[in-house]
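Trainee: Got a structure for you, written out below as structure tokens; questions coming shortly.
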Amino acid sequence: MDAMECLLGRQSTPAGMLAEPAPSDGEVLSLLETAMRAPDHGALRPWRFLSIRGGRRRDLGDIFAAALVKREPDAGSDEIEKARGKAVRAPLVLAVWSEIVENHPKVPPIEQVMATGAAVQNLMNALYAQSYDAIWVTGAPCYDENVKASLGLAPKDVLVGFLHIGTAKSVAPTKKRPNPADYLHIW
Ligand SMILES: Cc1cc2nc3c(=O)[nH]c(=O)nc-3n(C[C@H](O)[C@H](O)[C@H](O)COP(=O)(O)O)c2cc1C
């Protein structure tokens with residue numbers, strides 16, 4: 001696939017529309033070569049990826065459910081099951097975070113998070129180039145210290161999201177995109 005075709009063709013697929021096949025962990029490793037090419041001030045390599053598939057997605061669902069109950073002790077069973085179910089929609093979930101170097105003399109945490117975001121976008125494009133589909137989601141679990149701790153993050157680290165990955169069950173209509181002229185100012 002031509003690079004511009006990839007960049008202009010990629011669009012997200014709702015997690016519930018993602019099915020097998022998903023890339024194997026070997027393929028993920030290979031695709032992550034693109035993430036390693038993200039702009040990265042200070043070469044801190046802040047990005048971290050955790051591959052969660054098969055039955056381990058249920059462990060992630062349990063983490064989401066337990067965190068919801070701690071956040072909202074009055075949550076009903078429907079809400080708890082909904083939170084749990086968010087982990088098992090797509091065949092592969094990649095949790096992505098920035099392992100933050102604190103008090104760096106030149107690279108504040110926001111730059112480390114931006115570098116991780118750029119790594120994610122490279123990966124999203126690479127997935128599309130290899131005919132996989134994906135969506136980047138955050139939601140309350142992303143900002144929950146209990147979820148972070150359960151995934152092995154320190155409080156200083158920033159969970160930037162969960163990438164739900166697979167193959168779209170059906171071809172989604174092409175989304176209309178904004179006109180770049182509305183976003184460019186020229187001095
Ligand atoms: C940091 C970040 C967090 C996001 N979180 C969510 C989310 O929790 N739920 C959701 O439906 N979309 C979320 N999105 C938006 C989707 O990933 C996607 O960009 C959106 O559905 C538009 O699709 P597109 O990528 O085809 O433009 C998030 C995007 C970003 C960059």
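Please note that chains go A, B, ... in the order of the structure tokens, that every chain numbers its residues from 1, and that ligands are numbered from 1 in the order shown.
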So which residues are near ligand 1, meaning at most 6 Å away with only C-alpha atoms and all ligand atoms counted, given back as a VMD selection string?
Mentor: chain A and resid 11 to 12 135 to 139
Trainee: Those selected residues, please, written with N, CA and C atoms and delivered as a PDB file, in the first residue's frame.
Mentor:
```pdb
ATOM      1  N   GLN A  11      -9.142   4.455   9.073  1.00  0.00           N
ATOM      2  CA  GLN A  11     -10.168   4.999   9.968  1.00  0.00           C
ATOM      3  C   GLN A  11     -10.420   3.977  11.058  1.00  0.00           C
ATOM      4  N   SER A  12     -10.951   4.462  12.160  1.00  0.00           N
ATOM      5  CA  SER A  12     -11.173   3.584  13.296  1.00  0.00           C
ATOM      6  C   SER A  12     -12.400   2.721  13.071  1.00  0.00           C
ATOM      7  N   ILE A 135      -9.185   0.544  17.082  1.00  0.00           N
ATOM      8  CA  ILE A 135      -9.651   1.830  17.642  1.00  0.00           C
ATOM      9  C   ILE A 135      -8.899   2.075  18.948  1.00  0.00           C
ATOM     10  N   TRP A 136      -8.631   3.333  19.201  1.00  0.00           N
ATOM     11  CA  TRP A 136      -7.931   3.795  20.417  1.00  0.00           C
ATOM     12  C   TRP A 136      -9.003   4.322  21.356  1.00  0.00           C
ATOM     13  N   VAL A 137      -9.120   3.740  22.539  1.00  0.00           N
ATOM     14  CA  VAL A 137     -10.099   4.233  23.504  1.00  0.00           C
ATOM     15  C   VAL A 137      -9.445   4.484  24.866  1.00  0.00           C
ATOM     16  N   THR A 138     -10.080   5.363  25.589  1.00  0.00           N
ATOM     17  CA  THR A 138      -9.611   5.663  26.951  1.00  0.00           C
ATOM     18  C   THR A 138     -10.778   5.361  27.912  1.00  0.00           C
ATOM     19  N   GLY A 139     -11.577   6.385  28.206  1.00  0.00           N
ATOM     20  CA  GLY A 139     -12.683   6.188  29.136  1.00  0.00           C
ATOM     21  C   GLY A 139     -12.179   6.166  30.572  1.00  0.00           C
TER      22      GLY A 139
END
```
Trainee: Could you list, with a cut-off of 12 Å and counting only C-alpha atoms, the residues of range 105-148 of chain A near range 76-95 of chain A, each shown with its nearest atom pair and the distance in Å rounded to one decimal, rows sorted by chain and ascending number, as a Markdown table?
Mentor:
```
| residue | atom | partner | partner_atom | distance |
| --- | --- | --- | --- | --- |
| A:Thr116 | CA | A:Ala95 | CA | 11.8 |
| A:Val120 | CA | A:Leu94 | CA | 10.2 |
| A:Leu123 | CA | A:Leu94 | CA | 10.9 |
| A:Met124 | CA | A:Leu94 | CA | 11.3 |
| A:Tyr132 | CA | A:Leu92 | CA | 11.1 |
| A:Asp133 | CA | A:Ala90 | CA | 10.0 |
| A:Ala134 | CA | A:Ala90 | CA | 8.7 |
| A:Ile135 | CA | A:Ala90 | CA | 9.6 |
| A:Trp136 | CA | A:Leu94 | CA | 9.3 |
| A:Val137 | CA | A:Ala95 | CA | 9.8 |
| A:Thr138 | CA | A:Ala95 | CA | 9.8 |
| A:Gly139 | CA | A:Lys86 | CA | 10.2 |
| A:Ala140 | CA | A:Ala83 | CA | 9.7 |
| A:Pro141 | CA | A:Ala83 | CA | 8.8 |
| A:Cys142 | CA | A:Ala95 | CA | 9.3 |
| A:Val147 | CA | A:Ala95 | CA | 10.8 |
| A:Lys148 | CA | A:Ala95 | CA | 10.1 |
```
Trainee: With C-alpha atoms retained, export the selected residues as a compact mmCIF listing (two decimals), in the first residue's frame.
Mentor:
```txt
# COMPACT_ATOMS: atom_id res chain seq x y z
CA THR A 116 3.77 7.80 23.12
CA VAL A 120 0.41 4.81 18.82
CA LEU A 123 1.19 1.65 14.99
CA MET A 124 -2.41 2.40 13.98
CA TYR A 132 -6.01 -4.91 10.34
CA ASP A 133 -8.51 -2.59 11.98
CA ALA A 134 -8.39 -0.88 15.35
CA ILE A 135 -9.65 1.83 17.64
CA TRP A 136 -7.93 3.79 20.42
CA VAL A 137 -10.10 4.23 23.50
CA THR A 138 -9.61 5.66 26.95
CA GLY A 139 -12.68 6.19 29.14
CA ALA A 140 -12.78 6.11 32.93
CA PRO A 141 -10.52 3.01 33.29
CA CYS A 142 -7.68 4.92 31.68
CA VAL A 147 -6.51 0.08 36.87
CA LYS A 148 -3.04 1.53 36.45
```
Trainee: Could you tell me which of A:Ile165, A:Ala43, A:Ile63, A:Ala154 comes closest to Asp25 in chain A if we count only C-alpha atoms?
Mentor: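 The shortest atom-to-atom distance to Asp25 in chain A comes from A:Ile165.
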Trainee: Out of range 124-167 of chain A, which residues get alpha helix (DSSP H) from DSSP, as a PyMOL selection string?
Mentor: chain A and resi 124-129+145-150
Trainee: Could you save the residues just selected, with C-alpha atoms, as a compact mmCIF listing (two decimals), in the first residue's frame?
Mentor:
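Saved file part_4.txt follows:
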```
# COMPACT_ATOMS: atom_id res chain seq x y z
CA MET A 124 -2.41 2.40 13.98
CA ASN A 125 -1.26 3.25 10.47
CA ALA A 126 0.92 0.14 10.29
CA LEU A 127 -2.00 -2.03 11.39
CA TYR A 128 -4.12 -0.55 8.63
CA ALA A 129 -1.32 -1.07 6.10
CA GLU A 145 -5.28 4.61 39.63
CA ASN A 146 -6.52 1.12 40.54
CA VAL A 147 -6.51 0.08 36.87
CA LYS A 148 -3.04 1.53 36.45
CA ALA A 149 -1.73 -0.31 39.52
CA SER A 150 -3.29 -3.59 38.39
```
Trainee: Among range 3-134 of chain A, which ones does DSSP place in strand (DSSP E or B), written as a list in words?
Mentor: Leu18, Ala19, Trp47, Arg48, Phe49, Leu50, Ser51, Ile52, Arg53, Leu92, Val93, Leu94, Ala95, Val96, Trp97, Ser98, Asp133 and Ala134 of chain A
Trainee: I need the chosen residues saved as a short mmCIF file (atom, residue, chain, number, x, y, z; two decimals), in the first residue's frame, with C-alpha atoms.
Mentor:
```
data_model
loop_
_atom_site.label_atom_id
_atom_site.label_comp_id
_atom_site.auth_asym_id
_atom_site.auth_seq_id
_atom_site.Cartn_x
_atom_site.Cartn_y
_atom_site.Cartn_z
CA LEU A 18 -13.68 -6.11 15.46
CA ALA A 19 -13.24 -9.87 15.08
CA TRP A 47 6.14 3.98 25.33
CA ARG A 48 5.10 0.64 26.81
CA PHE A 49 2.68 -1.89 25.32
CA LEU A 50 0.92 -4.80 27.00
CA SER A 51 -0.66 -7.41 24.71
CA ILE A 52 -3.85 -8.90 26.14
CA ARG A 53 -5.71 -11.57 24.19
CA LEU A 92 -6.66 -8.20 20.91
CA VAL A 93 -6.28 -5.32 23.34
CA LEU A 94 -3.03 -3.42 23.66
CA ALA A 95 -2.76 -1.34 26.81
CA VAL A 96 -0.39 1.54 26.09
CA TRP A 97 1.29 3.81 28.57
CA SER A 98 4.12 6.25 29.05
CA ASP A 133 -8.51 -2.59 11.98
CA ALA A 134 -8.39 -0.88 15.35
#
```
Trainee: Nearest to Leu31 in chain A: which of A:Gln121, A:Pro73, A:Pro14, A:Gly54 is it, counting only C-alpha atoms?
Mentor: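 Looking at the shortest contact to Leu31 in chain A, the residue is A:Gln121.
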Trainee: Skipping near chain neighbours, those fewer than 2 positions away, what residues fall within 12 Å of Arg177 in chain A using only C-alpha atoms, listed as a ChimeraX atom specification?
Mentor: /A:8-11,174-175,179-182
Trainee: By how many Å are CA of Ala75 in chain A and CA of Leu60 in chain A apart?
Mentor: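 Taking CA of Ala75 in chain A as the start and CA of Leu60 in chain A as the end point, the length is 18.3 Å.
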Trainee: Just to confirm, what's the straight-line distance from CA of Val158 in chain A to CA of His41 in chain A in Å (one decimal)?
Mentor: 16.8 Å
Trainee: Neighbours of Leu44 in chain A within 8 Å (only C-alpha atoms; same-chain residues fewer than 2 positions away dropped), as a list in words?
Mentor: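 Final neighbour list, sorted by chain and number: Asp40, His41, Gly42, Pro46, Val101 and Gln112 of chain A.
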Trainee: Save the residues we just selected, C-alpha atoms, as a short mmCIF file (atom, residue, chain, number, x, y, z; two decimals), in the first residue's frame?
Mentor:
```cif
data_model
loop_
_atom_site.label_atom_id
_atom_site.label_comp_id
_atom_site.auth_asym_id
_atom_site.auth_seq_id
_atom_site.Cartn_x
_atom_site.Cartn_y
_atom_site.Cartn_z
CA ASP A 40 11.00 11.19 20.90
CA HIS A 41 12.69 14.11 22.67
CA GLY A 42 15.71 12.91 24.59
CA PRO A 46 8.62 6.29 27.10
CA VAL A 101 10.88 10.02 33.66
CA GLN A 112 6.79 11.91 26.90
#
```
Trainee: Expressed in Å to a single decimal, how great is the separation between CA of Val113 in chain A and CA of Gly161 in chain A?
Mentor: 11.0 Å
Trainee: Identify which of the residues A:Ile186, A:Gly55, A:Tyr143, A:Ala35 lies closest to Leu68 in chain A, counting only C-alpha atoms when measuring atom-to-atom distances.
Mentor: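 Of A:Ile186, A:Gly55, A:Tyr143, A:Ala35, the one nearest Leu68 in chain A, counting only C-alpha atoms, is A:Tyr143.
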